[in-house]
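Below: my_file_32.txt (compact mmCIF, C-alpha atoms and all ligand atoms)
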```txt
# COMPACT_ATOMS: atom_id res chain seq x y z
CA MET O 1 0.00 0.00 0.00
CA VAL O 2 1.42 3.38 -1.04
CA TYR O 3 0.20 6.24 1.13
CA GLU O 4 0.39 9.97 0.56
CA LYS O 5 0.63 12.64 3.20
CA SER O 6 -2.29 14.87 2.28
CA ILE O 7 -5.92 15.46 3.13
CA GLU O 8 -6.76 14.95 -0.56
CA PHE O 9 -5.39 11.43 -0.33
CA ALA O 10 -7.47 10.77 2.80
CA VAL O 11 -10.60 12.08 1.06
CA LYS O 12 -9.94 9.85 -1.93
CA MET O 13 -9.42 6.81 0.31
CA ASP O 14 -12.73 7.51 2.06
CA GLN O 15 -14.55 7.81 -1.24
CA GLU O 16 -13.16 4.49 -2.44
CA ASP O 17 -13.74 2.72 0.89
CA PRO O 18 -16.13 -0.25 0.39
CA LEU O 19 -17.24 0.14 4.04
CA LYS O 20 -17.88 3.89 3.82
CA ASP O 21 -21.63 3.58 4.38
CA TYR O 22 -21.20 1.95 7.77
CA ARG O 23 -20.16 5.08 9.63
CA ASP O 24 -23.69 6.35 9.21
CA LYS O 25 -25.02 3.30 11.03
CA PHE O 26 -23.46 4.59 14.28
CA TYR O 27 -23.98 7.59 16.53
CA ILE O 28 -20.77 9.63 16.52
CA PRO O 29 -20.19 11.55 19.78
CA GLN O 30 -20.12 15.32 19.31
CA VAL O 31 -17.54 17.78 20.60
CA ASN O 32 -18.26 21.51 20.19
CA GLY O 33 -21.11 20.70 17.83
CA LYS O 34 -18.96 18.62 15.49
CA ASP O 35 -18.23 14.92 15.02
CA SER O 36 -15.44 13.97 17.39
CA ILE O 37 -12.46 11.98 16.20
CA TYR O 38 -13.43 8.91 18.16
CA PHE O 39 -10.45 6.61 18.67
CA THR O 40 -11.63 4.76 21.77
CA GLY O 41 -13.55 1.90 20.21
CA ASN O 42 -11.00 -0.26 22.05
CA SER O 43 -12.57 0.91 25.31
CA LEU O 44 -16.23 1.49 24.46
CA GLY O 45 -17.47 0.93 20.92
CA LEU O 46 -20.05 3.35 19.52
CA GLN O 47 -23.77 2.79 19.55
CA PRO O 48 -25.23 1.25 16.39
CA LYS O 49 -28.41 3.09 15.39
CA ASN O 50 -30.36 -0.17 15.13
CA VAL O 51 -30.00 -0.78 18.89
CA ASN O 52 -33.17 1.13 19.68
CA LYS O 53 -35.25 -1.10 17.47
CA TYR O 54 -33.91 -4.31 18.98
CA VAL O 55 -34.27 -3.15 22.57
CA ASN O 56 -37.73 -1.74 21.97
CA GLU O 57 -38.94 -5.01 20.52
CA GLU O 58 -38.04 -6.73 23.79
CA LEU O 59 -39.47 -3.94 25.93
CA ASN O 60 -42.69 -4.26 23.97
CA GLY O 61 -42.67 -8.02 24.36
CA TRP O 62 -42.31 -7.60 28.09
CA ALA O 63 -45.04 -4.92 28.22
CA THR O 64 -47.54 -6.85 26.16
CA LEU O 65 -46.78 -10.47 27.06
CA GLY O 66 -45.19 -10.43 30.51
CA VAL O 67 -43.81 -13.83 31.40
CA GLU O 68 -45.31 -15.33 28.24
CA GLY O 69 -42.48 -13.62 26.40
CA HIS O 70 -40.20 -16.47 27.42
CA PHE O 71 -41.92 -18.71 24.91
CA HIS O 72 -44.23 -16.54 22.84
CA SER O 73 -42.39 -13.27 22.28
CA ASN O 74 -43.29 -12.16 18.74
CA LYS O 75 -39.89 -12.54 17.16
CA ARG O 76 -37.34 -14.00 19.52
CA PRO O 77 -38.65 -16.01 22.48
CA TRP O 78 -36.42 -15.32 25.48
CA PHE O 79 -36.02 -19.01 26.29
CA GLU O 80 -33.88 -19.36 23.17
CA TYR O 81 -32.25 -15.94 23.31
CA HIS O 82 -28.66 -17.07 23.90
CA LYS O 83 -28.86 -19.03 20.66
CA TYR O 84 -29.48 -16.07 18.37
CA SER O 85 -25.90 -14.74 18.68
CA LYS O 86 -24.18 -18.07 18.15
CA GLU O 87 -23.67 -18.11 14.39
CA ALA O 88 -22.26 -14.60 14.32
CA LEU O 89 -19.96 -15.13 17.31
CA ALA O 90 -18.71 -18.45 15.95
CA LYS O 91 -17.60 -16.70 12.75
CA ILE O 92 -15.98 -13.83 14.62
CA VAL O 93 -13.83 -16.06 16.84
CA GLY O 94 -13.36 -19.00 14.45
CA ALA O 95 -15.32 -21.65 16.32
CA ASN O 96 -18.15 -24.14 15.93
CA PRO O 97 -21.47 -22.61 16.98
CA SER O 98 -21.62 -25.20 19.78
CA GLU O 99 -18.37 -23.79 21.19
CA VAL O 100 -19.63 -20.26 21.93
CA VAL O 101 -22.29 -18.65 24.04
CA SER O 102 -22.85 -15.13 25.35
CA MET O 103 -23.46 -14.72 29.06
CA ASN O 104 -22.43 -12.80 32.21
CA SER O 105 -19.50 -10.39 32.14
CA LEU O 106 -15.89 -10.97 31.22
CA THR O 107 -14.17 -11.29 34.59
CA THR O 108 -17.00 -13.48 35.90
CA ASN O 109 -16.53 -15.75 32.92
CA LEU O 110 -12.76 -15.94 33.40
CA HIS O 111 -13.45 -17.26 36.89
CA LEU O 112 -16.04 -19.77 35.68
CA LEU O 113 -13.66 -21.03 33.02
CA MET O 114 -10.77 -21.26 35.45
CA ALA O 115 -13.03 -23.30 37.73
CA SER O 116 -13.12 -25.81 34.87
CA PHE O 117 -9.65 -25.47 33.41
CA TYR O 118 -7.41 -24.48 36.28
CA ARG O 119 -7.39 -27.71 38.24
CA PRO O 120 -4.06 -27.50 40.04
CA THR O 121 -2.29 -30.45 41.66
CA LYS O 122 0.67 -30.45 44.03
CA GLU O 123 3.02 -30.93 41.09
CA ARG O 124 1.25 -28.86 38.43
CA PHE O 125 -0.16 -25.62 39.79
CA LYS O 126 1.38 -22.60 38.02
CA ILE O 127 -0.39 -20.06 35.84
CA LEU O 128 1.55 -18.18 33.17
CA ILE O 129 0.36 -14.71 32.14
CA GLU O 130 1.89 -11.87 30.16
CA GLY O 131 3.63 -9.28 32.37
CA GLY O 132 1.51 -6.17 32.80
CA ALA O 133 -1.72 -8.00 32.02
CA PHE O 134 -4.99 -6.10 32.47
CA PRO O 135 -5.55 -5.70 36.23
CA SER O 136 -8.82 -7.63 36.36
CA ASP O 137 -7.08 -10.64 34.83
CA GLN O 138 -4.22 -10.33 37.32
CA TYR O 139 -6.63 -10.19 40.25
CA ALA O 140 -8.69 -13.09 38.93
CA VAL O 141 -5.59 -15.23 38.57
CA GLU O 142 -4.24 -14.19 41.97
CA SER O 143 -7.49 -15.12 43.67
CA GLN O 144 -7.76 -18.46 41.85
CA ILE O 145 -4.27 -19.40 42.98
CA LYS O 146 -5.05 -18.46 46.58
CA LEU O 147 -8.48 -20.09 46.47
CA HIS O 148 -6.77 -23.38 45.69
CA GLY O 149 -4.37 -22.86 48.58
CA PHE O 150 -1.20 -22.21 46.61
CA ASP O 151 1.48 -19.61 47.15
CA TYR O 152 0.84 -16.67 44.81
CA GLU O 153 4.51 -15.73 44.28
CA GLU O 154 5.45 -19.29 43.52
CA ALA O 155 2.48 -20.13 41.33
CA LEU O 156 2.42 -17.01 39.16
CA VAL O 157 4.72 -16.90 36.14
CA GLU O 158 4.88 -13.54 34.36
CA VAL O 159 6.52 -13.16 30.98
CA PHE O 160 8.12 -9.78 30.30
CA PRO O 161 9.74 -8.42 27.14
CA LYS O 162 13.48 -8.61 26.73
CA GLU O 163 15.58 -5.72 28.03
CA GLY O 164 15.02 -2.64 25.85
CA GLN O 165 11.91 -4.05 24.11
CA SER O 166 8.29 -3.02 24.61
CA THR O 167 6.68 -6.16 23.20
CA LEU O 168 7.09 -9.89 23.58
CA ASP O 169 8.72 -12.35 21.19
CA LEU O 170 7.35 -15.85 20.70
CA ASP O 171 10.47 -17.29 22.31
CA ASP O 172 9.82 -15.24 25.47
CA PHE O 173 6.66 -17.31 25.86
CA THR O 174 7.99 -20.65 24.66
CA SER O 175 11.12 -20.56 26.83
CA ALA O 176 9.10 -19.66 29.94
CA ILE O 177 6.61 -22.41 29.14
CA GLU O 178 9.41 -24.93 28.70
CA GLN O 179 11.19 -23.76 31.82
CA HIS O 180 8.13 -24.31 34.02
CA GLY O 181 6.96 -27.30 31.95
CA ASP O 182 5.90 -29.95 34.45
CA SER O 183 4.65 -27.45 37.03
CA LEU O 184 2.57 -25.39 34.59
CA ALA O 185 -1.21 -25.89 34.81
CA LEU O 186 -2.48 -23.02 32.69
CA VAL O 187 -1.37 -20.36 30.21
CA LEU O 188 -3.80 -17.43 30.28
CA ILE O 189 -2.93 -14.42 28.14
CA GLY O 190 -4.66 -11.67 26.22
CA GLY O 191 -5.23 -12.27 22.51
CA ILE O 192 -4.17 -8.67 22.01
CA GLN O 193 -2.27 -6.97 24.82
CA TYR O 194 -4.43 -4.07 25.97
CA TYR O 195 -1.55 -1.65 26.60
CA THR O 196 0.85 -2.28 23.73
CA GLY O 197 -1.71 -3.48 21.16
CA GLN O 198 0.40 -6.54 20.39
CA PHE O 199 -1.48 -9.46 18.77
CA PHE O 200 0.10 -12.61 20.17
CA PRO O 201 0.80 -15.70 18.02
CA ILE O 202 -2.05 -17.75 19.51
CA LYS O 203 -1.50 -20.94 17.55
CA GLU O 204 2.18 -21.22 18.43
CA ILE O 205 1.71 -20.38 22.10
CA THR O 206 -1.16 -22.86 22.34
CA ALA O 207 1.03 -25.59 20.84
CA ALA O 208 3.78 -24.82 23.36
CA ALA O 209 1.34 -24.86 26.28
CA HIS O 210 -0.08 -28.20 25.20
CA LYS O 211 3.38 -29.68 24.66
CA ALA O 212 4.13 -28.80 28.29
CA GLY O 213 0.85 -30.43 29.37
CA ALA O 214 -0.86 -27.15 30.31
CA MET O 215 -4.25 -25.75 29.37
CA MET O 216 -4.49 -22.72 27.08
CA GLY O 217 -6.94 -19.89 27.80
CA LEU O 218 -7.37 -16.44 26.27
CA ASP O 219 -8.84 -13.12 27.26
CA LEU O 220 -9.99 -11.72 23.93
CA ALA O 221 -11.26 -8.35 25.17
CA HIS O 222 -9.07 -6.48 22.66
CA ALA O 223 -9.03 -9.11 19.93
CA VAL O 224 -12.67 -10.01 19.36
CA GLY O 225 -14.15 -8.15 16.39
CA ASN O 226 -10.73 -6.61 15.76
CA VAL O 227 -8.53 -9.33 14.28
CA PRO O 228 -9.23 -12.67 12.57
CA LEU O 229 -9.31 -15.54 15.07
CA SER O 230 -9.39 -19.31 14.66
CA LEU O 231 -9.81 -20.59 18.18
CA HIS O 232 -11.01 -24.04 17.20
CA ASP O 233 -8.30 -24.77 14.65
CA ASP O 234 -5.62 -23.31 16.92
CA GLY O 235 -6.68 -25.79 19.59
CA VAL O 236 -7.32 -23.17 22.28
CA ASP O 237 -9.04 -24.76 25.29
CA PHE O 238 -11.15 -21.81 26.38
CA ALA O 239 -11.58 -18.06 25.94
CA ALA O 240 -13.72 -15.18 27.10
CA TRP O 241 -14.29 -11.65 25.85
CA CYS O 242 -16.39 -8.58 26.45
CA SER O 243 -18.77 -7.20 23.83
CA TYR O 244 -18.58 -3.50 24.64
CA LYS O 245 -15.21 -2.76 23.01
CA TYR O 246 -14.94 -3.61 19.31
CA LEU O 247 -18.27 -5.45 19.34
CA ASN O 248 -20.15 -2.21 20.10
CA SER O 249 -22.68 -3.82 22.42
CA GLY O 250 -22.97 -1.15 25.07
CA PRO O 251 -21.40 -0.29 28.44
CA GLY O 252 -21.12 -3.40 30.60
CA GLY O 253 -22.67 -5.42 27.76
CA VAL O 254 -22.92 -9.20 27.84
CA SER O 255 -19.68 -11.19 27.60
CA GLY O 256 -19.00 -14.28 25.50
CA ILE O 257 -17.15 -17.54 26.03
CA PHE O 258 -15.51 -20.21 23.93
CA VAL O 259 -15.15 -23.77 25.18
CA ASN O 260 -13.41 -26.12 22.79
CA ASP O 261 -15.74 -28.97 21.82
CA LYS O 262 -13.16 -31.44 23.08
CA HIS O 263 -14.14 -30.27 26.57
CA GLY O 264 -17.60 -28.86 25.93
CA LEU O 265 -19.06 -32.05 24.48
CA ASN O 266 -17.78 -34.05 27.44
CA PRO O 267 -20.48 -33.93 30.14
CA ASP O 268 -17.86 -34.90 32.74
CA THR O 269 -15.83 -31.73 32.29
CA PRO O 270 -16.01 -30.16 35.77
CA ARG O 271 -17.75 -26.82 36.04
CA MET O 272 -19.85 -24.46 38.12
CA SER O 273 -23.46 -25.15 37.17
CA GLY O 274 -26.80 -23.41 37.09
CA TRP O 275 -30.21 -24.17 35.65
CA TRP O 276 -29.58 -22.44 32.32
CA GLY O 277 -26.74 -24.86 31.61
CA HIS O 278 -29.03 -27.82 32.27
CA ASP O 279 -30.50 -29.91 29.47
CA GLU O 280 -33.11 -27.59 27.98
CA GLY O 281 -35.64 -30.37 27.39
CA GLU O 282 -35.79 -30.97 31.14
CA ARG O 283 -34.99 -27.52 32.46
CA PHE O 284 -38.49 -26.82 33.65
CA LEU O 285 -39.01 -30.21 35.24
CA MET O 286 -37.01 -28.72 38.12
CA GLU O 287 -35.53 -32.09 39.02
CA LYS O 288 -32.48 -33.10 40.99
CA GLY O 289 -29.22 -33.96 39.18
CA PHE O 290 -27.42 -31.66 36.74
CA LYS O 291 -27.33 -32.74 33.10
CA PRO O 292 -25.29 -30.25 31.08
CA MET O 293 -26.28 -28.93 27.69
CA PRO O 294 -23.66 -30.01 25.18
CA GLY O 295 -21.08 -27.36 24.28
CA ALA O 296 -20.47 -23.94 25.75
CA ASP O 297 -24.19 -23.72 26.62
CA GLY O 298 -23.50 -26.10 29.47
CA TRP O 299 -21.57 -23.33 31.24
CA GLN O 300 -24.56 -20.98 31.48
CA LEU O 301 -25.79 -20.29 34.98
CA SER O 302 -28.72 -17.93 34.71
CA ASN O 303 -31.51 -17.05 32.36
CA VAL O 304 -30.47 -14.56 29.70
CA ASN O 305 -30.10 -10.81 30.29
CA ILE O 306 -32.45 -9.95 27.44
CA LEU O 307 -31.94 -6.19 27.20
CA SER O 308 -28.17 -6.45 27.06
CA SER O 309 -28.38 -9.35 24.64
CA ALA O 310 -30.76 -7.39 22.41
CA VAL O 311 -28.10 -4.68 22.04
CA HIS O 312 -25.58 -7.40 21.25
CA LEU O 313 -27.78 -8.86 18.50
CA ALA O 314 -28.25 -5.44 16.95
CA SER O 315 -24.51 -4.98 16.75
CA LEU O 316 -23.78 -8.50 15.56
CA GLU O 317 -26.19 -7.93 12.66
CA ILE O 318 -23.63 -5.44 11.32
CA TYR O 319 -20.80 -7.93 11.76
CA GLU O 320 -22.79 -10.55 9.88
CA GLU O 321 -23.27 -8.12 7.03
CA VAL O 322 -19.67 -6.92 6.79
CA GLY O 323 -17.71 -10.04 7.79
CA MET O 324 -14.31 -10.13 9.46
CA ASP O 325 -12.40 -10.33 6.16
CA ALA O 326 -13.63 -7.01 4.85
CA LEU O 327 -13.20 -5.46 8.26
CA ARG O 328 -9.64 -6.64 8.59
CA THR O 329 -8.80 -5.52 5.05
CA LYS O 330 -9.86 -1.97 5.83
CA SER O 331 -8.35 -2.08 9.29
CA LEU O 332 -4.90 -2.93 7.93
CA LYS O 333 -5.05 0.03 5.56
CA LEU O 334 -6.45 2.48 8.06
CA THR O 335 -3.98 1.66 10.83
CA GLY O 336 -1.20 1.46 8.24
CA PHE O 337 -2.10 4.98 7.15
CA MET O 338 -1.95 6.20 10.74
CA GLU O 339 1.43 4.57 11.30
CA TYR O 340 2.75 6.08 8.07
CA LEU O 341 1.69 9.57 9.13
CA LEU O 342 2.89 9.27 12.73
CA GLN O 343 6.39 8.26 11.71
CA ASP O 344 6.70 11.90 10.80
CA VAL O 345 5.81 13.17 14.28
CA GLU O 346 8.79 13.87 16.49
CA GLY O 347 8.36 13.31 20.18
CA ILE O 348 6.43 10.04 20.08
CA ASP O 349 7.37 6.37 19.75
CA ILE O 350 4.91 3.81 18.50
CA ILE O 351 5.32 0.83 20.85
CA THR O 352 2.82 -1.37 19.01
CA PRO O 353 4.55 -3.85 16.67
CA SER O 354 5.17 -2.50 13.17
CA LYS O 355 4.30 -5.81 11.50
CA PRO O 356 0.58 -5.59 10.60
CA GLU O 357 0.02 -9.27 11.42
CA GLU O 358 1.19 -8.59 14.98
CA ARG O 359 -1.41 -5.97 15.80
CA GLY O 360 -5.06 -5.03 15.44
CA CYS O 361 -6.28 -1.51 14.79
CA GLN O 362 -4.85 0.09 17.94
CA LEU O 363 -1.55 1.96 18.04
CA SER O 364 -0.03 2.80 21.42
CA LEU O 365 2.08 5.93 21.39
CA GLU O 366 4.63 6.81 24.01
CA ALA O 367 5.25 10.51 24.34
CA LYS O 368 8.87 11.44 24.89
CA ARG O 369 7.87 14.87 26.18
CA ASN O 370 4.75 16.93 27.02
CA GLY O 371 2.65 13.77 26.94
CA LYS O 372 -0.07 14.88 29.26
CA GLU O 373 -0.23 18.42 27.88
CA ALA O 374 -0.45 17.10 24.35
CA PHE O 375 -3.24 14.77 25.38
CA LYS O 376 -5.16 17.69 26.85
CA LYS O 377 -4.81 19.59 23.58
CA LEU O 378 -5.99 16.59 21.64
CA THR O 379 -9.09 16.42 23.80
CA GLU O 380 -9.81 20.13 23.33
CA ALA O 381 -9.48 19.71 19.57
CA GLY O 382 -12.17 17.01 19.56
CA VAL O 383 -10.04 13.87 19.67
CA ILE O 384 -11.40 11.20 22.02
CA ALA O 385 -8.43 8.95 22.77
CA ASP O 386 -7.18 7.43 25.99
CA TRP O 387 -4.32 8.23 28.28
CA ARG O 388 -2.48 5.57 30.26
CA GLU O 389 0.03 6.51 32.93
CA PRO O 390 2.90 7.20 32.78
CA ASN O 391 3.07 8.45 29.18
CA ALA O 392 1.01 6.46 26.72
CA ILE O 393 -1.75 7.55 24.38
CA ARG O 394 -3.76 4.71 22.88
CA VAL O 395 -5.58 5.36 19.64
CA ALA O 396 -7.76 2.86 17.80
CA PRO O 397 -9.07 3.79 14.35
CA VAL O 398 -11.98 1.38 14.05
CA PRO O 399 -12.74 0.26 10.49
CA LEU O 400 -16.52 0.19 10.97
CA TYR O 401 -16.89 3.89 11.72
CA ASN O 402 -13.56 5.73 11.53
CA THR O 403 -12.36 7.38 8.35
CA TYR O 404 -9.05 8.14 6.69
CA GLN O 405 -9.90 11.79 7.23
CA ASP O 406 -10.22 11.14 11.00
CA VAL O 407 -6.72 9.72 10.88
CA TYR O 408 -5.32 12.61 8.86
CA ARG O 409 -6.91 15.26 11.08
CA PHE O 410 -5.62 13.46 14.15
CA TYR O 411 -2.10 13.52 12.70
CA GLU O 412 -2.26 17.26 12.14
CA ILE O 413 -3.65 17.93 15.62
CA LEU O 414 -1.09 15.68 17.31
CA LYS O 415 1.82 17.21 15.43
CA GLU O 416 0.76 20.64 16.58
CA ALA O 417 0.03 19.49 20.14
CA ILE O 418 3.31 17.71 20.73
CA GLY O 419 5.48 20.30 18.98
C1 LIG J 501 -11.64 -4.43 29.15
C2 LIG J 501 -10.95 -5.60 29.74
C3 LIG J 501 -11.50 -6.28 30.84
C4 LIG J 501 -12.76 -5.78 31.52
O1 LIG J 501 -13.33 -6.75 32.32
P1 LIG J 501 -14.90 -6.66 32.72
O2 LIG J 501 -15.10 -7.88 33.52
O3 LIG J 501 -15.68 -6.59 31.45
O4 LIG J 501 -15.08 -5.40 33.51
C5 LIG J 501 -10.84 -7.41 31.31
N1 LIG J 501 -9.69 -7.83 30.72
C6 LIG J 501 -9.14 -7.19 29.67
C7 LIG J 501 -7.89 -7.70 29.05
C8 LIG J 501 -9.74 -6.04 29.17
O5 LIG J 501 -9.18 -5.39 28.16
```
Step by step, read the file and then write its structure as structure tokens.
Ligand SMILES: *Cc1c(COP(=O)(O)O)cnc(C)c1O
Amino acid sequence: MVYEKSIEFAVKMDQEDPLKDYRDKFYIPQVNGKDSIYFTGNSLGLQPKNVNKYVNEELNGWATLGVEGHFHSNKRPWFEYHKYSKEALAKIVGANPSEVVSMNSLTTNLHLLMASFYRPTKERFKILIEGGAFPSDQYAVESQIKLHGFDYEEALVEVFPKEGQSTLDLDDFTSAIEQHGDSLALVLIGGIQYYTGQFFPIKEITAAAHKAGAMMGLDLAHAVGNVPLSLHDDGVDFAAWCSYKYLNSGPGGVSGIFVNDKHGLNPDTPRMSGWWGHDEGERFLMEKGFKPMPGADGWQLSNVNILSSAVHLASLEIYEEVGMDALRTKSLKLTGFMEYLLQDVEGIDIITPSKPEERGCQLSLEAKRNGKEAFKKLTEAGVIADWREPNAIRVAPVPLYNTYQDVYRFYEILKEAIG
């Protein structure tokens, strides 16, 4: 891809963009009466305009049918509601439909999945995570280790980049996995590292974990709906994600899980159970003795949060229409354009990997000077980005609703702000 450093080029790219009509399907937050440059889809994705319709249909069902809506809601009976997102989610994460279900929230799901897949023994009890993992993941892992009565310091293995590097190499993971081999119970890392934006080589790390005899789990908060995934083929054991970042499903929106069929189709896989994971044919017999639904469905605890799931369906409709291939194609160009422009800005380093296959749409910028001041100026000029102490600005041009002109205007504003 050959880029040019001009607004005319950005305008031309927008005109030729096959996804250009999608921006209009979202509400763009306003700053000083104008469209903001919204680069925080990695934190909270924007609201699709079709959300109202989906949520209202369920509110109406509730108003007009009451409890009958569980089975007789006009369009989508609530009893089956968790099924309606399956096909779309399976495509997004590269799974069989039986391997995915949406439920609960992300950290809750990480715990539920660790209950199944972190089964430490005296010999094999360690959990390997990436250094500087998202705090909720760190706390979840810490508490799981302690819950099982192990020593946190001894049981936690953190993998950090080599001296002088910001991101991890595959051999950082594989050598740590080999080193702890027999004592390693679980590898649990982000698909994309939230701070650096690095997309980890999932297939290779999974193979190394399995070779050592450990389970492989992923937190896909920053990867889902952002990069192509093939969880089933890569042999990942389990994964969880949130839907409110790239999947645009609203603040605190319903999470999703992946359980590989090799575990999910085995009714003896240990788990925390609730009635919604029980065989649906017998669910309302209210009898003793848990019989799991086959697949990820067997991990459900509670009846579905319909309003949150309605938002999710509205958003997934757009993903079904566009498809991950087209999204990724634009994403590579859009983020590539941003990287090309930012190379020209003195005073910042891009710490996200420069190889496109090692990142999603986010670039993490480290300011060498005036970081916080520059960030303030960006905000005043209508850029919604995010600041991470001590000196990082994270920006995520999202292919569904950001434009090449957003990227170009951001470049001009940043150059001025940091100068
Ligand atoms: C956003 C994010 C979370 C948030 O967890 P919730 O349970 O949804 O609050 C967790 N982990 C990672 C890696 C994240 O990026």
Quiz item: Which polymer residues have any atom within 9 Å of an atom of stretch 11-21 of chain O, counting all atoms listed in the file, with same-chain residues fewer than 6 positions away left out, as a VMD selection string?
Solution: chain O and resid 322 326 to 327 330 399 to 401 403 to 405
Could you give me, as CSV, a per-residue list for chain O showing, wherever an atom lies at most 9 Å from an atom of ligand LIG 501 (chain J), the closest pair of atoms and their distance in Å to one decimal, using only C-alpha atoms and all ligand atoms and sorting by chain then residue number from low to high?
```
residue,atom,partner,partner_atom,distance
O:Asn42,CA,J:LIG501,O5,8.2
O:Ser43,CA,J:LIG501,C1,6.6
O:Leu44,CA,J:LIG501,C1,8.8
O:Asn104,CA,J:LIG501,O2,8.9
O:Ser105,CA,J:LIG501,O2,5.3
O:Leu106,CA,J:LIG501,O2,3.9
O:Thr107,CA,J:LIG501,O2,3.7
O:Thr108,CA,J:LIG501,O2,6.4
O:Asn109,CA,J:LIG501,O2,8.0
O:Leu110,CA,J:LIG501,O2,8.4
O:Ala133,CA,J:LIG501,C7,6.9
O:Phe134,CA,J:LIG501,C7,4.8
O:Pro135,CA,J:LIG501,N1,7.2
O:Ser136,CA,J:LIG501,C5,5.4
O:Asp137,CA,J:LIG501,N1,5.6
O:Gln138,CA,J:LIG501,N1,8.9
O:Ile189,CA,J:LIG501,C7,8.4
O:Gly190,CA,J:LIG501,C7,5.8
O:Gly191,CA,J:LIG501,C7,8.4
O:Ile192,CA,J:LIG501,C7,8.0
O:Gln193,CA,J:LIG501,C7,7.1
O:Tyr194,CA,J:LIG501,O5,5.4
O:Tyr195,CA,J:LIG501,O5,8.6
O:Asp219,CA,J:LIG501,C7,5.8
O:Leu220,CA,J:LIG501,C7,6.8
O:Ala221,CA,J:LIG501,O5,4.7
O:His222,CA,J:LIG501,O5,5.6
O:Trp241,CA,J:LIG501,O3,7.7
O:Cys242,CA,J:LIG501,O3,5.4
O:Ser243,CA,J:LIG501,O3,8.2
O:Tyr244,CA,J:LIG501,O3,8.0
O:Lys245,CA,J:LIG501,C1,7.3
O:Gly252,CA,J:LIG501,O3,6.4
O:Gly253,CA,J:LIG501,O3,8.0
O:Val254,CA,J:LIG501,O3,8.5
O:Ser255,CA,J:LIG501,O3,7.2
```
With C-alpha atoms kept, could you save the residues just selected as a PDB file, in the coordinates of the input?
```pdb
ATOM      1  CA  ASN O  42     -11.000  -0.260  22.050  1.00  0.00           C
ATOM      2  CA  SER O  43     -12.570   0.910  25.310  1.00  0.00           C
ATOM      3  CA  LEU O  44     -16.230   1.490  24.460  1.00  0.00           C
ATOM      4  CA  ASN O 104     -22.430 -12.800  32.210  1.00  0.00           C
ATOM      5  CA  SER O 105     -19.500 -10.390  32.140  1.00  0.00           C
ATOM      6  CA  LEU O 106     -15.890 -10.970  31.220  1.00  0.00           C
ATOM      7  CA  THR O 107     -14.170 -11.290  34.590  1.00  0.00           C
ATOM      8  CA  THR O 108     -17.000 -13.480  35.900  1.00  0.00           C
ATOM      9  CA  ASN O 109     -16.530 -15.750  32.920  1.00  0.00           C
ATOM     10  CA  LEU O 110     -12.760 -15.940  33.400  1.00  0.00           C
ATOM     11  CA  ALA O 133      -1.720  -8.000  32.020  1.00  0.00           C
ATOM     12  CA  PHE O 134      -4.990  -6.100  32.470  1.00  0.00           C
ATOM     13  CA  PRO O 135      -5.550  -5.700  36.230  1.00  0.00           C
ATOM     14  CA  SER O 136      -8.820  -7.630  36.360  1.00  0.00           C
ATOM     15  CA  ASP O 137      -7.080 -10.640  34.830  1.00  0.00           C
ATOM     16  CA  GLN O 138      -4.220 -10.330  37.320  1.00  0.00           C
ATOM     17  CA  ILE O 189      -2.930 -14.420  28.140  1.00  0.00           C
ATOM     18  CA  GLY O 190      -4.660 -11.670  26.220  1.00  0.00           C
ATOM     19  CA  GLY O 191      -5.230 -12.270  22.510  1.00  0.00           C
ATOM     20  CA  ILE O 192      -4.170  -8.670  22.010  1.00  0.00           C
ATOM     21  CA  GLN O 193      -2.270  -6.970  24.820  1.00  0.00           C
ATOM     22  CA  TYR O 194      -4.430  -4.070  25.970  1.00  0.00           C
ATOM     23  CA  TYR O 195      -1.550  -1.650  26.600  1.00  0.00           C
ATOM     24  CA  ASP O 219      -8.840 -13.120  27.260  1.00  0.00           C
ATOM     25  CA  LEU O 220      -9.990 -11.720  23.930  1.00  0.00           C
ATOM     26  CA  ALA O 221     -11.260  -8.350  25.170  1.00  0.00           C
ATOM     27  CA  HIS O 222      -9.070  -6.480  22.660  1.00  0.00           C
ATOM     28  CA  TRP O 241     -14.290 -11.650  25.850  1.00  0.00           C
ATOM     29  CA  CYS O 242     -16.390  -8.580  26.450  1.00  0.00           C
ATOM     30  CA  SER O 243     -18.770  -7.200  23.830  1.00  0.00           C
ATOM     31  CA  TYR O 244     -18.580  -3.500  24.640  1.00  0.00           C
ATOM     32  CA  LYS O 245     -15.210  -2.760  23.010  1.00  0.00           C
ATOM     33  CA  GLY O 252     -21.120  -3.400  30.600  1.00  0.00           C
ATOM     34  CA  GLY O 253     -22.670  -5.420  27.760  1.00  0.00           C
ATOM     35  CA  VAL O 254     -22.920  -9.200  27.840  1.00  0.00           C
ATOM     36  CA  SER O 255     -19.680 -11.190  27.600  1.00  0.00           C
TER      37      SER O 255
END
```
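Interatomic distance, atom CA of O:Gln362 against atom CA of O:Gly235: 26.0 Å.
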Quiz prompt | Polymer residues at most 9 Å from O:Pro390, only C-alpha atoms, same-chain spacing of 6 or more positions, as a ChimeraX atom specification | solution = /O:366,371-372
Just the selected residues (C-alpha atoms), exported as a CSV table (one decimal), in the frame of the given file, please.
```csv
chain,number,residue,atom,x,y,z
O,366,GLU,CA,4.6,6.8,24.0
O,371,GLY,CA,2.6,13.8,26.9
O,372,LYS,CA,-0.1,14.9,29.3
```
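Residues in contact range of O:Val2, defined as at most 12 Å between only C-alpha atoms, with sequence neighbours fewer than 4 positions away removed, read Phe9, Met13, Lys333, Gly336, Phe337, Tyr340 and Leu341 of chain O.
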Quiz prompt | Shell around O:Trp275 at 9 Å using all atoms listed in the file, local window under 2 positions removed, as a PyMOL selection string | solution = chain O and resi 273+277-280+283-284+286+290+300-303
